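Asker: run_24.pdb is reproduced below (PDB, C-alpha atoms, pLDDT in the B column).
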ATOM      1  CA  VAL U   1      11.688  -5.531 -21.506  1.00 35.00           C
ATOM      2  CA  ALA U   2      10.023  -2.123 -21.382  1.00 39.00           C
ATOM      3  CA  SER U   3       8.284  -0.832 -24.445  1.00 43.00           C
ATOM      4  CA  ALA U   4       9.133   2.560 -25.868  1.00 41.00           C
ATOM      5  CA  ALA U   5       5.712   3.731 -24.654  1.00 43.00           C
ATOM      6  CA  ASP U   6       6.511   3.291 -20.987  1.00 69.00           C
ATOM      7  CA  GLY U   7       9.973   4.833 -21.333  1.00 87.00           C
ATOM      8  CA  LEU U   8      11.426   2.632 -18.621  1.00 93.00           C
ATOM      9  CA  PRO U   9      14.932   1.284 -19.082  1.00 93.00           C
ATOM     10  CA  PRO U  10      15.359  -2.472 -18.891  1.00 92.00           C
ATOM     11  CA  ILE U  11      16.646  -3.821 -15.568  1.00 95.00           C
ATOM     12  CA  PRO U  12      18.860  -6.908 -15.984  1.00 96.00           C
ATOM     13  CA  GLY U  13      17.377  -9.817 -14.057  1.00 96.00           C
ATOM     14  CA  MET U  14      13.943  -8.266 -13.597  1.00 97.00           C
ATOM     15  CA  VAL U  15      11.033 -10.661 -14.038  1.00 97.00           C
ATOM     16  CA  GLY U  16       7.386  -9.782 -14.544  1.00 97.00           C
ATOM     17  CA  ASP U  17       5.514  -6.748 -15.783  1.00 96.00           C
ATOM     18  CA  ARG U  18       7.972  -3.863 -16.134  1.00 96.00           C
ATOM     19  CA  VAL U  19       5.520  -1.073 -15.290  1.00 97.00           C
ATOM     20  CA  ALA U  20       4.105  -2.888 -12.239  1.00 97.00           C
ATOM     21  CA  ASN U  21       7.640  -3.601 -11.018  1.00 97.00           C
ATOM     22  CA  GLU U  22       8.528   0.073 -11.342  1.00 97.00           C
ATOM     23  CA  MET U  23       5.359   1.320  -9.685  1.00 97.00           C
ATOM     24  CA  TRP U  24       5.793  -0.925  -6.645  1.00 98.00           C
ATOM     25  CA  PHE U  25       9.529  -0.145  -6.509  1.00 97.00           C
ATOM     26  CA  GLN U  26       8.986   3.607  -6.453  1.00 97.00           C
ATOM     27  CA  PHE U  27       5.946   3.340  -4.163  1.00 98.00           C
ATOM     28  CA  ASP U  28       7.850   1.295  -1.578  1.00 97.00           C
ATOM     29  CA  ASP U  29      10.980   3.388  -1.937  1.00 96.00           C
ATOM     30  CA  ALA U  30       9.179   6.668  -1.237  1.00 97.00           C
ATOM     31  CA  LEU U  31       6.861   5.327   1.437  1.00 97.00           C
ATOM     32  CA  PHE U  32       8.977   2.735   3.260  1.00 95.00           C
ATOM     33  CA  TYR U  33      12.606   2.246   2.337  1.00 95.00           C
ATOM     34  CA  HIS U  34      13.764   5.833   1.750  1.00 96.00           C
ATOM     35  CA  PRO U  35      10.966   8.128   2.947  1.00 97.00           C
ATOM     36  CA  ARG U  36      11.563  11.832   3.202  1.00 97.00           C
ATOM     37  CA  GLN U  37      11.451  13.450   6.648  1.00 98.00           C
ATOM     38  CA  GLU U  38       7.843  14.568   6.226  1.00 98.00           C
ATOM     39  CA  VAL U  39       6.785  10.916   5.800  1.00 98.00           C
ATOM     40  CA  ILE U  40       8.910   9.760   8.732  1.00 98.00           C
ATOM     41  CA  ASP U  41       7.267  12.429  10.892  1.00 98.00           C
ATOM     42  CA  ALA U  42       3.805  11.365   9.721  1.00 98.00           C
ATOM     43  CA  TYR U  43       4.559   7.740  10.605  1.00 98.00           C
ATOM     44  CA  ALA U  44       5.784   8.803  14.050  1.00 98.00           C
ATOM     45  CA  ALA U  45       2.585  10.780  14.659  1.00 98.00           C
ATOM     46  CA  LEU U  46       0.422   7.891  13.451  1.00 98.00           C
ATOM     47  CA  SER U  47       2.319   5.392  15.617  1.00 98.00           C
ATOM     48  CA  ALA U  48       2.042   7.651  18.663  1.00 98.00           C
ATOM     49  CA  HIS U  49      -1.672   8.057  18.034  1.00 98.00           C
ATOM     50  CA  VAL U  50      -2.372   4.308  17.868  1.00 98.00           C
ATOM     51  CA  GLY U  51       0.057   3.588  20.710  1.00 97.00           C
ATOM     52  CA  VAL U  52       2.263   1.022  18.985  1.00 97.00           C
ATOM     53  CA  PRO U  53       5.477   1.313  16.944  1.00 97.00           C
ATOM     54  CA  ASN U  54       3.855  -0.032  13.746  1.00 96.00           C
ATOM     55  CA  PHE U  55       0.943   2.270  12.925  1.00 98.00           C
ATOM     56  CA  VAL U  56      -0.335  -0.220  10.323  1.00 97.00           C
ATOM     57  CA  ASP U  57      -0.883  -2.841  13.048  1.00 97.00           C
ATOM     58  CA  GLY U  58      -2.299  -0.193  15.357  1.00 98.00           C
ATOM     59  CA  PHE U  59      -4.900   0.952  12.855  1.00 98.00           C
ATOM     60  CA  ARG U  60      -5.831  -2.654  12.108  1.00 98.00           C
ATOM     61  CA  ASP U  61      -6.322  -3.431  15.790  1.00 98.00           C
ATOM     62  CA  LYS U  62      -8.291  -0.242  16.479  1.00 98.00           C
ATOM     63  CA  TRP U  63     -10.500  -0.833  13.441  1.00 98.00           C
ATOM     64  CA  LEU U  64     -11.201  -4.395  14.592  1.00 98.00           C
ATOM     65  CA  GLU U  65     -12.073  -3.107  18.059  1.00 98.00           C
ATOM     66  CA  LEU U  66     -14.321  -0.239  16.952  1.00 98.00           C
ATOM     67  CA  SER U  67     -15.965  -1.704  13.843  1.00 98.00           C
ATOM     68  CA  VAL U  68     -18.069  -4.141  15.881  1.00 98.00           C
ATOM     69  CA  LEU U  69     -19.572  -1.416  18.081  1.00 98.00           C
ATOM     70  CA  PRO U  70     -22.973   0.152  17.398  1.00 98.00           C
ATOM     71  CA  ASP U  71     -21.579   3.652  16.860  1.00 98.00           C
ATOM     72  CA  TYR U  72     -19.277   2.563  14.041  1.00 98.00           C
ATOM     73  CA  PRO U  73     -18.204   4.274  11.761  1.00 98.00           C
ATOM     74  CA  ALA U  74     -18.571   7.510  13.756  1.00 98.00           C
ATOM     75  CA  ASN U  75     -16.404   6.131  16.571  1.00 98.00           C
ATOM     76  CA  TYR U  76     -13.623   5.186  14.165  1.00 98.00           C
ATOM     77  CA  ALA U  77     -13.782   8.555  12.393  1.00 98.00           C
ATOM     78  CA  ALA U  78     -13.543  10.307  15.763  1.00 98.00           C
ATOM     79  CA  PHE U  79     -10.569   8.134  16.688  1.00 98.00           C
ATOM     80  CA  ALA U  80      -8.748   8.963  13.433  1.00 98.00           C
ATOM     81  CA  ALA U  81      -9.649  12.671  13.284  1.00 98.00           C
ATOM     82  CA  PRO U  82      -6.581  13.902  15.249  1.00 98.00           C
ATOM     83  CA  VAL U  83      -4.241  12.411  12.629  1.00 98.00           C
ATOM     84  CA  ARG U  84      -6.173  13.550   9.576  1.00 98.00           C
ATOM     85  CA  PRO U  85      -3.235  15.635   8.245  1.00 98.00           C
ATOM     86  CA  GLN U  86      -0.928  12.615   8.358  1.00 98.00           C
ATOM     87  CA  LEU U  87      -3.505  10.376   6.689  1.00 98.00           C
ATOM     88  CA  LYS U  88      -4.064  13.020   4.020  1.00 98.00           C
ATOM     89  CA  LEU U  89      -0.320  13.089   3.323  1.00 98.00           C
ATOM     90  CA  LEU U  90      -0.236   9.283   2.952  1.00 98.00           C
ATOM     91  CA  SER U  91      -3.226   9.388   0.641  1.00 98.00           C
ATOM     92  CA  GLU U  92      -1.622  12.033  -1.544  1.00 98.00           C
ATOM     93  CA  LEU U  93       1.662  10.133  -1.755  1.00 97.00           C
ATOM     94  CA  GLU U  94       0.139   6.733  -2.431  1.00 98.00           C
ATOM     95  CA  LEU U  95      -2.198   8.098  -5.092  1.00 98.00           C
ATOM     96  CA  THR U  96       0.681  10.022  -6.670  1.00 97.00           C
ATOM     97  CA  TYR U  97       2.616   6.807  -7.272  1.00 96.00           C
ATOM     98  CA  PHE U  98      -0.442   4.941  -8.519  1.00 97.00           C
ATOM     99  CA  ASP U  99      -1.335   7.771 -10.901  1.00 97.00           C
ATOM    100  CA  LYS U 100       2.222   8.140 -12.143  1.00 96.00           C
ATOM    101  CA  PHE U 101       1.998   4.693 -13.710  1.00 96.00           C
ATOM    102  CA  TYR U 102      -1.684   3.862 -14.224  1.00 97.00           C
ATOM    103  CA  ALA U 103      -4.966   5.448 -15.156  1.00 95.00           C
ATOM    104  CA  PRO U 104      -7.459   5.015 -12.309  1.00 92.00           C
ATOM    105  CA  ASN U 105      -9.817   2.091 -12.895  1.00 90.00           C
ATOM    106  CA  SER U 106      -7.668   0.676 -15.690  1.00 96.00           C
ATOM    107  CA  VAL U 107      -7.303  -3.050 -16.167  1.00 97.00           C
ATOM    108  CA  ALA U 108      -3.537  -2.602 -15.942  1.00 97.00           C
ATOM    109  CA  PHE U 109      -3.913  -1.035 -12.470  1.00 97.00           C
ATOM    110  CA  VAL U 110      -5.952  -4.038 -11.329  1.00 98.00           C
ATOM    111  CA  ASP U 111      -3.302  -6.312 -12.836  1.00 98.00           C
ATOM    112  CA  ALA U 112      -0.580  -4.509 -10.827  1.00 98.00           C
ATOM    113  CA  PHE U 113      -2.350  -5.514  -7.604  1.00 98.00           C
ATOM    114  CA  GLY U 114      -2.794  -9.065  -8.887  1.00 98.00           C
ATOM    115  CA  TYR U 115       0.893  -9.352  -9.769  1.00 98.00           C
ATOM    116  CA  PHE U 116       1.791  -7.935  -6.343  1.00 98.00           C
ATOM    117  CA  GLY U 117      -0.351 -10.544  -4.610  1.00 98.00           C
ATOM    118  CA  GLN U 118       0.898 -13.397  -6.778  1.00 98.00           C
ATOM    119  CA  GLY U 119       4.528 -12.566  -6.091  1.00 98.00           C
ATOM    120  CA  VAL U 120       5.538 -12.602  -9.751  1.00 98.00           C
ATOM    121  CA  LEU U 121       7.372  -9.257  -9.779  1.00 98.00           C
ATOM    122  CA  PHE U 122      11.075  -9.933  -9.251  1.00 98.00           C
ATOM    123  CA  ASP U 123      13.195  -6.814  -8.910  1.00 97.00           C
ATOM    124  CA  PRO U 124      16.927  -7.283  -8.330  1.00 98.00           C
ATOM    125  CA  ARG U 125      17.144  -3.688  -7.059  1.00 97.00           C
ATOM    126  CA  ARG U 126      15.716  -4.972  -3.760  1.00 96.00           C
ATOM    127  CA  ALA U 127      18.507  -7.510  -3.158  1.00 96.00           C
ATOM    128  CA  ASP U 128      20.051  -5.237  -0.521  1.00 94.00           C
ATOM    129  CA  ILE U 129      17.021  -5.716   1.736  1.00 93.00           C
ATOM    130  CA  GLN U 130      16.479  -9.349   0.733  1.00 93.00           C
ATOM    131  CA  GLN U 131      13.005  -8.710  -0.620  1.00 94.00           C
ATOM    132  CA  GLU U 132      13.503  -9.055  -4.344  1.00 97.00           C
ATOM    133  CA  VAL U 133       9.866  -9.953  -5.014  1.00 98.00           C
ATOM    134  CA  HIS U 134       7.376  -7.090  -4.763  1.00 97.00           C
ATOM    135  CA  THR U 135       4.728  -8.462  -2.424  1.00 97.00           C
ATOM    136  CA  MET U 136       3.306  -7.623   1.009  1.00 97.00           C
ATOM    137  CA  VAL U 137       5.507  -8.629   3.936  1.00 95.00           C
ATOM    138  CA  PRO U 138       3.921  -9.670   6.206  1.00 95.00           C
ATOM    139  CA  VAL U 139       0.678 -10.541   4.448  1.00 96.00           C
ATOM    140  CA  THR U 140      -1.307  -9.175   7.411  1.00 95.00           C
ATOM    141  CA  ASN U 141      -0.217  -5.640   6.448  1.00 97.00           C
ATOM    142  CA  TYR U 142      -3.048  -5.705   3.909  1.00 98.00           C
ATOM    143  CA  HIS U 143      -5.443  -5.639   6.886  1.00 98.00           C
ATOM    144  CA  GLY U 144      -3.762  -2.566   8.307  1.00 98.00           C
ATOM    145  CA  TRP U 145      -3.712  -0.885   4.908  1.00 98.00           C
ATOM    146  CA  HIS U 146      -7.453  -1.466   4.634  1.00 98.00           C
ATOM    147  CA  ALA U 147      -7.953  -0.096   8.147  1.00 98.00           C
ATOM    148  CA  TYR U 148      -6.174   3.192   7.566  1.00 98.00           C
ATOM    149  CA  VAL U 149      -7.794   3.521   4.133  1.00 98.00           C
ATOM    150  CA  ARG U 150     -11.169   3.250   5.899  1.00 98.00           C
ATOM    151  CA  ALA U 151     -10.049   5.985   8.284  1.00 98.00           C
ATOM    152  CA  MET U 152      -9.135   8.188   5.319  1.00 98.00           C
ATOM    153  CA  MET U 153     -12.501   7.559   3.724  1.00 98.00           C
ATOM    154  CA  PHE U 154     -14.435   8.368   6.918  1.00 98.00           C
ATOM    155  CA  LEU U 155     -12.447  11.608   7.173  1.00 98.00           C
ATOM    156  CA  ASP U 156     -13.405  12.539   3.592  1.00 98.00           C
ATOM    157  CA  ILE U 157      -9.911  12.072   2.167  1.00 98.00           C
ATOM    158  CA  ASP U 158     -10.036  11.040  -1.500  1.00 98.00           C
ATOM    159  CA  VAL U 159     -13.125   8.946  -0.796  1.00 98.00           C
ATOM    160  CA  ASP U 160     -14.016   8.087  -4.391  1.00 98.00           C
ATOM    161  CA  ARG U 161     -10.486   6.955  -5.186  1.00 98.00           C
ATOM    162  CA  TRP U 162     -10.091   4.817  -2.078  1.00 98.00           C
ATOM    163  CA  ALA U 163     -13.557   3.315  -2.506  1.00 98.00           C
ATOM    164  CA  ARG U 164     -12.288   1.933  -5.817  1.00 97.00           C
ATOM    165  CA  ILE U 165      -8.811   0.970  -4.584  1.00 98.00           C
ATOM    166  CA  ASP U 166      -9.758  -0.683  -1.287  1.00 98.00           C
ATOM    167  CA  PRO U 167     -11.275  -3.719  -3.087  1.00 98.00           C
ATOM    168  CA  LEU U 168      -7.954  -4.087  -4.944  1.00 98.00           C
ATOM    169  CA  ILE U 169      -6.183  -4.266  -1.587  1.00 98.00           C
ATOM    170  CA  ALA U 170      -8.563  -7.073  -0.617  1.00 98.00           C
ATOM    171  CA  PHE U 171      -8.023  -8.733  -4.000  1.00 98.00           C
ATOM    172  CA  ALA U 172      -4.228  -8.669  -3.611  1.00 98.00           C
ATOM    173  CA  TRP U 173      -4.555 -10.034  -0.059  1.00 98.00           C
ATOM    174  CA  ALA U 174      -6.767 -12.910  -1.246  1.00 98.00           C
ATOM    175  CA  VAL U 175      -4.396 -13.741  -4.100  1.00 98.00           C
ATOM    176  CA  GLN U 176      -1.324 -13.597  -1.858  1.00 98.00           C
ATOM    177  CA  SER U 177      -3.012 -15.638   0.877  1.00 97.00           C
ATOM    178  CA  THR U 178      -3.653 -18.340  -1.723  1.00 97.00           C
ATOM    179  CA  ALA U 179      -0.400 -18.097  -3.698  1.00 97.00           C
ATOM    180  CA  LYS U 180       1.880 -17.780  -0.627  1.00 97.00           C
ATOM    181  CA  PRO U 181       4.764 -16.239  -2.596  1.00 97.00           C
ATOM    182  CA  SER U 182       8.352 -15.979  -1.503  1.00 96.00           C
ATOM    183  CA  ALA U 183       9.980 -12.618  -0.943  1.00 95.00           C
ATOM    184  CA  HIS U 184      13.076 -13.865  -2.807  1.00 95.00           C
ATOM    185  CA  VAL U 185      11.991 -16.023  -5.750  1.00 96.00           C
ATOM    186  CA  PRO U 186       9.266 -15.151  -8.268  1.00 96.00           C
ATOM    187  CA  ASN U 187       6.221 -17.350  -7.985  1.00 95.00           C
ATOM    188  CA  PRO U 188       5.894 -19.639 -11.017  1.00 92.00           C
TER     189      PRO U 188
END
Could you render the structure from this file as structure tokens?
Answerer:
Amino acid sequence: VASAADGLPPIPGMVGDRVANEMWFQFDDALFYHPRQEVIDAYAALSAHVGVPNFVDGFRDKWLELSVLPDYPANYAAFAAPVRPQLKLLSELELTYFDKFYAPNSVAFVDAFGYFGQGVLFDPRRADIQQEVHTMVPVTNYHGWHAYVRAMMFLDIDVDRWARIDPLIAFAWAVQSTAKPSAHVPNP
């Protein structure tokens, strides 16, 4: 149940931290399930740039290819430079949802990533897409998230913020890879 401090109404059937549930719900809603046209256009440009329908996979694969070469990170920055405006938009949106619910560097923000990785945030509002548990599906999307975050950082987009958040992405991936949560049932 939400405290008066967070001002969030209770959601019948919700399990887990109320604020973390809400942050991931709104984050996913705005960025994936019901994005505005500007976000859809950014995704299309990013996908076209990496040459595959899922830009997250494309950035992961390109990062894996270029990060082992001697001219890394300059080669990766040069690769990502044409889509800097789209990456900047994603950065602004993602940080907006993080900041709406958590102070940067707070323990509660770290916890939100831990809960996400554990699969303990059950949100009945996601029943329509059969992903009631807030967690990464598929788990390999963490790799792509890291890859486009690195591109943002090399292009000088919110570098300090992403330098602190990127380890949380890795943390959530490690937790989820160990916990192996369901997308439908909260992990005990």
Asker: Which residues match the PyMOL selection byres ((chain U and resi 98) around 12) in the file above, as a PyMOL selection string?
Answerer: chain U and resi 19-20+22-28+91-97+99-106+108-110+112-113+161-162+165
Asker: For the structure provided, state which residues fall under the PyMOL selection byres ((chain U and resi 64) around 12), and present them as a PDB file with C-alpha atoms, keeping the file's coordinate frame.
Answerer:
ATOM      1  CA  ASP U  57      -0.883  -2.841  13.048  1.00 97.00           C
ATOM      2  CA  GLY U  58      -2.299  -0.193  15.357  1.00 98.00           C
ATOM      3  CA  PHE U  59      -4.900   0.952  12.855  1.00 98.00           C
ATOM      4  CA  ARG U  60      -5.831  -2.654  12.108  1.00 98.00           C
ATOM      5  CA  ASP U  61      -6.322  -3.431  15.790  1.00 98.00           C
ATOM      6  CA  LYS U  62      -8.291  -0.242  16.479  1.00 98.00           C
ATOM      7  CA  TRP U  63     -10.500  -0.833  13.441  1.00 98.00           C
ATOM      8  CA  GLU U  65     -12.073  -3.107  18.059  1.00 98.00           C
ATOM      9  CA  LEU U  66     -14.321  -0.239  16.952  1.00 98.00           C
ATOM     10  CA  SER U  67     -15.965  -1.704  13.843  1.00 98.00           C
ATOM     11  CA  VAL U  68     -18.069  -4.141  15.881  1.00 98.00           C
ATOM     12  CA  LEU U  69     -19.572  -1.416  18.081  1.00 98.00           C
ATOM     13  CA  TYR U  72     -19.277   2.563  14.041  1.00 98.00           C
ATOM     14  CA  PRO U  73     -18.204   4.274  11.761  1.00 98.00           C
ATOM     15  CA  ASN U  75     -16.404   6.131  16.571  1.00 98.00           C
ATOM     16  CA  TYR U  76     -13.623   5.186  14.165  1.00 98.00           C
ATOM     17  CA  HIS U 143      -5.443  -5.639   6.886  1.00 98.00           C
ATOM     18  CA  GLY U 144      -3.762  -2.566   8.307  1.00 98.00           C
ATOM     19  CA  HIS U 146      -7.453  -1.466   4.634  1.00 98.00           C
ATOM     20  CA  ALA U 147      -7.953  -0.096   8.147  1.00 98.00           C
ATOM     21  CA  TYR U 148      -6.174   3.192   7.566  1.00 98.00           C
ATOM     22  CA  ARG U 150     -11.169   3.250   5.899  1.00 98.00           C
TER      23      ARG U 150
END
Asker: Centre and edge lengths of an axis-aligned box around all listed atoms of region 83-89 of chain U, with 3 Å added on each side, are to be given in Å to one decimal, as JSON.
Answerer:
{"center_x": -3.2, "center_y": 13.0, "center_z": 8.0, "size_x": 11.9, "size_y": 11.3, "size_z": 15.3}
Asker: At what distance in Å, to one decimal, does CA of Pro53 (chain U) lie from CA of Asp160 (chain U)?
Answerer: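 If I compute the distance from CA of Asp160 (chain U) to CA of Pro53 (chain U), I get 29.7 Å.
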Asker: Show me, as an NGL selection string, the residues that have an atom within 12 Å of Leu89 (chain U) when counting all atoms listed in the file, minus same-chain residues fewer than 2 positions from it.
Answerer: :U and (31 or 36 or 38-43 or 45-46 or 83-87 or 91-96 or 152 or 157-158)
Asker: Selected by the PyMOL selection byres ((chain U and resi 13) around 8) in the shown coordinates: which residues, as an MDAnalysis selection string?
Answerer: chainID U and resid 11:12 14:15 122:124
Asker: Between CA of Asp17 (chain U) and CA of Gln118 (chain U), what is the distance, to one decimal in Å?
Answerer: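 Those two atoms sit 12.1 Å apart.
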Asker: So which one's closest to Asn54 (chain U), U:Ile169, U:Ala183, U:Trp145, U:Gln130? Using all atoms listed in the file, please.
Answerer: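 Closest candidate: U:Trp145.
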Asker: Hey, can you check how far CA of Thr178 (chain U) sits from CA of Val139 (chain U)?
Answerer: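 Computed distance, CA of Thr178 (chain U) to CA of Val139 (chain U), equals 10.8 Å.
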Asker: With all atoms listed in the file as the basis for distance, which of U:Arg126, U:Lys88, U:Lys180, U:His134 is at the shortest distance from Phe154 (chain U)?
Answerer: U:Lys88
Asker: Within 9 Å of Gln176 (chain U), counting all atoms listed in the file, which residues show up once you throw out same-chain ones fewer than 4 positions away? Write them as a list of chain:residue names, please.
Answerer: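 The residues satisfying every condition are U:Gly114, U:Phe116, U:Gly117, U:Gln118, U:Gly119, U:Thr135, U:Met136, U:Val139, U:Phe171, U:Ala172, U:Lys180, U:Pro181.
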Asker: Which residue, U:Val185, U:Val149, U:Ala179, U:Leu155, has the smallest gap to Pro167 (chain U) when you use only C-alpha atoms?
Answerer: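 Between U:Val185, U:Val149, U:Ala179, U:Leu155, the residue approaching Pro167 (chain U) most closely is U:Val149.
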Asker: Select, from U:Ala30, U:Ala151, U:Asp111, U:Gly16, the residue with the minimum atom-to-atom distance to Phe79 (chain U), counting only C-alpha atoms.
Answerer: U:Ala151
